[in-house]
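Colleague: Quick one: this structure, given as structure tokens, is what I'll be asking you about.
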Amino acid sequence: MTAYTVDTDPRRRMLHIVMRGYWDQKTFDTFAADYEAALHRMKTSGGLAIALVDGREFAVQAREISTQFGELIARNMALLARHTATVVPAHLNKLQAERAGGELAARYFTDMEEAQAWLAEMSVKAA
């Protein structure tokens, strides 16, 4: 099983990310390149409206990696979705995700169905 997947759906203007495990620097660097490439692909097809980040199997990360997530989000802010639902396994993961997310327009959930329902509602409002 891979440490992550980054999938795009231009028709729905959606980004879907799954993140798993505890990452080292090489994994983060590869993810960052794939993530930024996906954001730029979506920009050329109309941009992102929504994003779903499935971090249910994502461990609390080392401070260095968590800080880099924040930097990655900050430098790509103009390309990010208007609404992001991030699903985490526990409260500590939520705290780390919120800190890394900074100015990101995101909501954090521990239940996938609740996250998907919120995104569906946001999609209707955006249409």
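Ordering of the structure tokens sets the chain letters (A, B, ...); residue numbers start at 1 within each chain; ligands are numbered from 1 in the order shown.
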Output as an mmCIF file with C-alpha atoms, in the first residue's frame all residues of stretch 10-127 of chain A that backbone DSSP marks as helix (DSSP H, G or I).

Modeller:
data_model
loop_
_atom_site.group_PDB
_atom_site.id
_atom_site.type_symbol
_atom_site.label_atom_id
_atom_site.label_comp_id
_atom_site.auth_asym_id
_atom_site.auth_seq_id
_atom_site.Cartn_x
_atom_site.Cartn_y
_atom_site.Cartn_z
ATOM 1 C CA GLN A 25 11.497 13.517 4.018
ATOM 2 C CA LYS A 26 11.641 11.618 0.720
ATOM 3 C CA THR A 27 7.957 10.681 0.962
ATOM 4 C CA PHE A 28 6.986 14.266 1.751
ATOM 5 C CA ASP A 29 9.060 15.631 -1.157
ATOM 6 C CA THR A 30 7.498 13.183 -3.617
ATOM 7 C CA PHE A 31 4.018 13.964 -2.311
ATOM 8 C CA ALA A 32 4.629 17.728 -2.538
ATOM 9 C CA ALA A 33 5.664 17.409 -6.201
ATOM 10 C CA ASP A 34 2.631 15.245 -7.046
ATOM 11 C CA TYR A 35 0.277 17.534 -5.111
ATOM 12 C CA GLU A 36 1.528 20.700 -6.797
ATOM 13 C CA ALA A 37 1.342 19.038 -10.225
ATOM 14 C CA ALA A 38 -2.294 18.085 -9.532
ATOM 15 C CA LEU A 39 -3.113 21.641 -8.434
ATOM 16 C CA HIS A 40 -1.635 23.067 -11.634
ATOM 17 C CA ARG A 41 -3.495 20.505 -13.790
ATOM 18 C CA MET A 42 -6.734 21.506 -12.104
ATOM 19 C CA LYS A 43 -6.000 25.205 -12.620
ATOM 20 C CA THR A 44 -5.870 24.651 -16.379
ATOM 21 C CA ARG A 63 7.382 18.573 13.560
ATOM 22 C CA GLU A 64 9.613 19.076 10.493
ATOM 23 C CA ILE A 65 7.140 17.312 8.199
ATOM 24 C CA SER A 66 4.146 19.069 9.746
ATOM 25 C CA THR A 67 5.837 22.441 9.272
ATOM 26 C CA GLN A 68 6.510 21.615 5.624
ATOM 27 C CA PHE A 69 2.831 20.793 5.097
ATOM 28 C CA GLY A 70 2.006 24.286 6.319
ATOM 29 C CA GLU A 71 4.540 25.804 3.941
ATOM 30 C CA LEU A 72 3.221 23.710 1.035
ATOM 31 C CA ILE A 73 -0.329 24.878 1.677
ATOM 32 C CA ALA A 74 0.725 28.518 2.100
ATOM 33 C CA ARG A 75 2.661 28.690 -1.159
ATOM 34 C CA MET A 77 -3.088 29.042 -1.466
ATOM 35 C CA ALA A 78 -4.236 30.628 -4.738
ATOM 36 C CA LEU A 79 -4.760 27.177 -6.299
ATOM 37 C CA HIS A 91 -8.188 14.734 18.053
ATOM 38 C CA LEU A 92 -4.375 14.999 18.057
ATOM 39 C CA ASN A 93 -4.327 14.492 14.284
ATOM 40 C CA LYS A 94 -7.006 17.189 13.985
ATOM 41 C CA LEU A 95 -4.902 19.658 15.962
ATOM 42 C CA GLN A 96 -1.868 18.992 13.773
ATOM 43 C CA ALA A 97 -3.935 19.299 10.579
ATOM 44 C CA GLU A 98 -5.495 22.576 11.711
ATOM 45 C CA ARG A 99 -2.086 24.025 12.530
ATOM 46 C CA ALA A 100 -0.625 22.976 9.157
ATOM 47 C CA GLY A 101 -3.732 24.179 7.296
ATOM 48 C CA MET A 112 -16.023 10.102 6.385
ATOM 49 C CA GLU A 113 -19.761 10.190 5.709
ATOM 50 C CA GLU A 114 -20.112 13.484 7.571
ATOM 51 C CA ALA A 115 -17.222 14.951 5.582
ATOM 52 C CA GLN A 116 -18.713 13.817 2.275
ATOM 53 C CA ALA A 117 -22.134 15.218 3.202
ATOM 54 C CA TRP A 118 -20.581 18.586 4.047
ATOM 55 C CA LEU A 119 -18.698 18.643 0.723
ATOM 56 C CA ALA A 120 -21.879 17.771 -1.158
ATOM 57 C CA GLU A 121 -23.626 20.682 0.542
ATOM 58 C CA MET A 122 -20.734 23.012 -0.344
ATOM 59 C CA SER A 123 -20.829 21.814 -3.966
ATOM 60 C CA VAL A 124 -24.517 22.703 -4.231
ATOM 61 C CA LYS A 125 -23.901 26.157 -2.746
ATOM 62 C CA ALA A 126 -20.988 26.763 -5.137
#

Colleague: Just list the residues in chain A DSSP gives strand (DSSP E) on the backbone, as an NGL selection string.

Modeller: :A and (4-9 or 14-21 or 50-58 or 83-87 or 106-109)

Colleague: Write the selection just made, keeping N, CA and C atoms, as a short mmCIF file (atom, residue, chain, number, x, y, z; two decimals), in the first residue's frame?

Modeller:
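Written out: again.cif:
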data_model
loop_
_atom_site.label_atom_id
_atom_site.label_comp_id
_atom_site.auth_asym_id
_atom_site.auth_seq_id
_atom_site.Cartn_x
_atom_site.Cartn_y
_atom_site.Cartn_z
N TYR A 4 0.48 7.50 -0.11
CA TYR A 4 -0.53 8.50 -0.48
C TYR A 4 -1.02 8.26 -1.90
N THR A 5 -2.18 8.85 -2.20
CA THR A 5 -2.68 8.97 -3.57
C THR A 5 -3.19 10.40 -3.72
N VAL A 6 -3.05 10.92 -4.92
CA VAL A 6 -3.56 12.24 -5.25
C VAL A 6 -4.34 12.09 -6.55
N ASP A 7 -5.66 12.21 -6.47
CA ASP A 7 -6.52 12.04 -7.64
C ASP A 7 -7.31 13.31 -7.89
N THR A 8 -7.53 13.60 -9.16
CA THR A 8 -8.32 14.76 -9.54
C THR A 8 -9.53 14.34 -10.34
N ASP A 9 -10.59 15.12 -10.24
CA ASP A 9 -11.82 14.91 -11.00
C ASP A 9 -12.20 16.26 -11.60
N MET A 14 -12.76 18.56 -8.38
CA MET A 14 -12.46 17.97 -7.07
C MET A 14 -11.07 17.37 -7.02
N LEU A 15 -10.46 17.50 -5.86
CA LEU A 15 -9.18 16.86 -5.54
C LEU A 15 -9.45 15.88 -4.40
N HIS A 16 -8.95 14.65 -4.54
CA HIS A 16 -9.11 13.64 -3.49
C HIS A 16 -7.73 13.11 -3.14
N ILE A 17 -7.37 13.26 -1.87
CA ILE A 17 -6.06 12.82 -1.40
C ILE A 17 -6.27 11.79 -0.29
N VAL A 18 -5.49 10.72 -0.34
CA VAL A 18 -5.45 9.74 0.75
C VAL A 18 -4.01 9.72 1.25
N MET A 19 -3.84 9.84 2.57
CA MET A 19 -2.50 9.83 3.16
C MET A 19 -2.46 8.76 4.25
N ARG A 20 -1.36 7.99 4.27
CA ARG A 20 -1.22 6.88 5.21
C ARG A 20 0.16 6.88 5.85
N GLY A 21 0.20 6.42 7.09
CA GLY A 21 1.48 6.14 7.74
C GLY A 21 2.23 7.34 8.26
N ILE A 50 -13.76 21.79 -4.61
CA ILE A 50 -13.79 21.03 -3.36
C ILE A 50 -12.60 20.07 -3.30
N ALA A 51 -12.25 19.71 -2.06
CA ALA A 51 -11.18 18.73 -1.86
C ALA A 51 -11.55 17.85 -0.67
N LEU A 52 -11.23 16.58 -0.79
CA LEU A 52 -11.42 15.62 0.29
C LEU A 52 -10.07 15.01 0.60
N VAL A 53 -9.65 15.16 1.85
CA VAL A 53 -8.38 14.60 2.31
C VAL A 53 -8.70 13.50 3.31
N ASP A 54 -8.37 12.27 2.95
CA ASP A 54 -8.61 11.12 3.81
C ASP A 54 -7.32 10.80 4.55
N GLY A 55 -7.27 11.24 5.81
CA GLY A 55 -6.10 10.99 6.63
C GLY A 55 -6.40 10.02 7.76
N ARG A 56 -7.39 9.16 7.56
CA ARG A 56 -7.78 8.23 8.63
C ARG A 56 -6.66 7.28 9.02
N GLU A 57 -5.73 7.02 8.09
CA GLU A 57 -4.60 6.13 8.38
C GLU A 57 -3.28 6.91 8.41
N PHE A 58 -3.37 8.22 8.59
CA PHE A 58 -2.20 9.09 8.59
C PHE A 58 -1.77 9.34 10.03
N HIS A 83 -13.42 24.76 -0.62
CA HIS A 83 -13.89 23.98 0.53
C HIS A 83 -13.13 22.67 0.58
N THR A 84 -12.49 22.42 1.72
CA THR A 84 -11.73 21.19 1.92
C THR A 84 -12.25 20.48 3.17
N ALA A 85 -12.56 19.21 3.02
CA ALA A 85 -12.93 18.37 4.16
C ALA A 85 -11.76 17.43 4.41
N THR A 86 -11.25 17.47 5.63
CA THR A 86 -10.14 16.60 6.02
C THR A 86 -10.63 15.64 7.09
N VAL A 87 -10.47 14.35 6.82
CA VAL A 87 -10.90 13.31 7.75
C VAL A 87 -9.67 12.78 8.46
N ALA A 106 -10.97 25.01 5.44
CA ALA A 106 -11.15 23.58 5.68
C ALA A 106 -12.00 23.33 6.91
N ARG A 107 -12.65 22.17 6.89
CA ARG A 107 -13.33 21.65 8.06
C ARG A 107 -12.70 20.28 8.32
N TYR A 108 -12.65 19.90 9.59
CA TYR A 108 -12.00 18.67 10.00
C TYR A 108 -13.03 17.74 10.61
N PHE A 109 -12.97 16.47 10.22
CA PHE A 109 -13.95 15.48 10.62
C PHE A 109 -13.24 14.20 11.07
#

Colleague: Just to confirm, what's the straight-line distance from atom CA of A:Arg13 to atom CA of A:Gly47 in Å (one decimal)?

Modeller: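 Pair atom CA of A:Arg13 / atom CA of A:Gly47 returns 6.4 Å.
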
Colleague: When distances are computed from only C-alpha atoms, which of A:Ala49, A:Met1, A:Val88, A:Ala59 shows the smallest separation from A:Asp24?

Modeller: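 Once distances to A:Asp24 are computed over only C-alpha atoms, the minimum belongs to A:Ala59.
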